[in-house]
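Q: Mind looking over this structure? Questions follow.
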Amino acid sequence: MRILVTGAAGFIGSTTAHKLLDRGDEVIGLDNLNNYYDVTLKHARLDRLKIRQGFAFHLVDIADQKALTKVFSETKPDRVIHLAAQAGVRYSLENPHAYIEANVTGFLNILENVRHIGTQHLVFASTSSVYGSNTHMPFSVHAGVDHPVSLYAVTKKSNELMAHTYAHLFNIPCTGLRFFTVYGPWGRPDMALFLFTKKMLAGEPIDVYNHGHHTRDFTYVEDIVEGIVRTCDKIAEPHAEWNAAKPDPAISSAPFRLYNIGSNNPIKLSRYIEVLEEALGVKAEKNLLPMQPGDVADTYADVDDLIQDMGYQPDTPIEDGIAEFVKWYKQYYEVG
């Protein structure tokens, strides 16, 4: 198939592109290479893709409607995996306009192009952050998510609503995937594992929010990507059990579905740090801090629907996943 992957120079996007190329798909990669974090890392991810047969790259911002439409018109992808977004909970407090531009306007541009080109299936990234102040564990896609605690979560929930509307109005199959705390090789420098590793190897203290009492459904990147590819292959359809009198947020009379992709095994942040200490052979000096605005105390994914429909459940233990990250980090940065 010819598959367009947005955010192809990103952490999850580049890993997804490699997975698709490995099985023989043609991949059209799209990214704006913005400077939210180290652009050198984005170029390094991209360089690994550019040498592979079947990969083509377009330097385009999804918020640029004209440029995006040109790519769609020229390439006519069979399917779209939309992973480009302005990420980060805390940064949304500092630069909210970036989130509306990339995550709302940009997503509308994706939907419009999918609509007019006639793409078979749109798979898009959502987030566990949409669960907001919900404390009923594990988080289920069948529960309401009407109490977000960050603008980032609001934009991602809006993507789910927009996708459903386009699925209903224009019969466009759409599948939304709520990712749970992704980590692993080639990860983002603004995320905890990357920040902790960098500071610990430099002998600097690490900032540990909520005094390390957070629990997170840490999910290894290869597990996330396996879920992405499987859902891409299974085109969303109207659900036979849809009941308009008792609407279920995860299914629809339209070709629309939602899934969690998480490890289904929440781990305390303090334990996550212990595993990193073991992998690095370095004891962390911790700067214990209170919970940050927009953050949530715990995440825990109910993945029953993913298991039932895709025959798949993420299963990489954090001990293995962190060891792989540390191995990559030391090789890439030539440290340790």
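Starting from 1 in every chain, residues are counted up; chains themselves are A, B, ... following the order of the structure tokens, and ligands are numbered from 1 as listed.
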DSSP says alpha helix (DSSP H) for which residues of region 8-210 of chain A? Put them as a PyMOL selection string?
A: chain A and resi 11-22+39-50+65-75+91-94+96-99+106-117+151-170+192-201
Q: Within 12 Å of Val225 (chain A), counting only C-alpha atoms, which residues qualify if same-chain residues fewer than 5 places away don't, as number ranges by chain?
A: A: 11-20, 81, 83, 123, 125, 177, 179, 182-184, 219-220, 230-232, 261-262, 312-314
Q: Nearest residue to Gly281 (chain A) out of A:Leu269, A:Val326, A:Leu195, A:Ala167, using only C-alpha atoms?
A: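 Selected residue with least distance to Gly281 (chain A): A:Val326.
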Q: Report the distance between CA of Ala254 (chain A) and CA of Asn171 (chain A) in Å, rounded to one decimal place.
A: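 For CA of Ala254 (chain A) relative to CA of Asn171 (chain A), the distance reads 6.8 Å.
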Q: Rank A:Phe124, A:Phe194, A:Tyr91, A:Phe55 by their smallest atom-to-atom distance to Gln292 (chain A), using only C-alpha atoms, and report the top residue only.
A: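 Using only C-alpha atoms, Gln292 (chain A) sits closest to A:Tyr91.
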Q: Just want the 10 Å neighbourhood of Thr127 (chain A), counted on only C-alpha atoms, with same-chain residues fewer than 2 positions away dropped. Output as a list in words.
A: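 With the cut-off at 10 Å, the set is Ala87, Ala125, Ser129, Val130, Tyr131, Tyr152, Ala153, Lys156, Lys157, Gly176, Leu177, Arg178, Phe179, Phe180, Thr181, Asn260 and Ile261 of chain A.
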Q: Given only C-alpha atoms as the basis, pick out the residue of A:Gly187, A:Gly88, A:Pro173, A:Gly144 nearest to Asp38 (chain A).
A: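 Ranking A:Gly187, A:Gly88, A:Pro173, A:Gly144 by distance to Asp38 (chain A), first place goes to A:Gly187.
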Q: Between A:Asp31, A:Glu94, A:Asp78, A:Glu237, which residue has the minimum interatomic distance to Thr119 (chain A), considering only C-alpha atoms?
A: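 Closest residue, counting only C-alpha atoms: A:Asp78.
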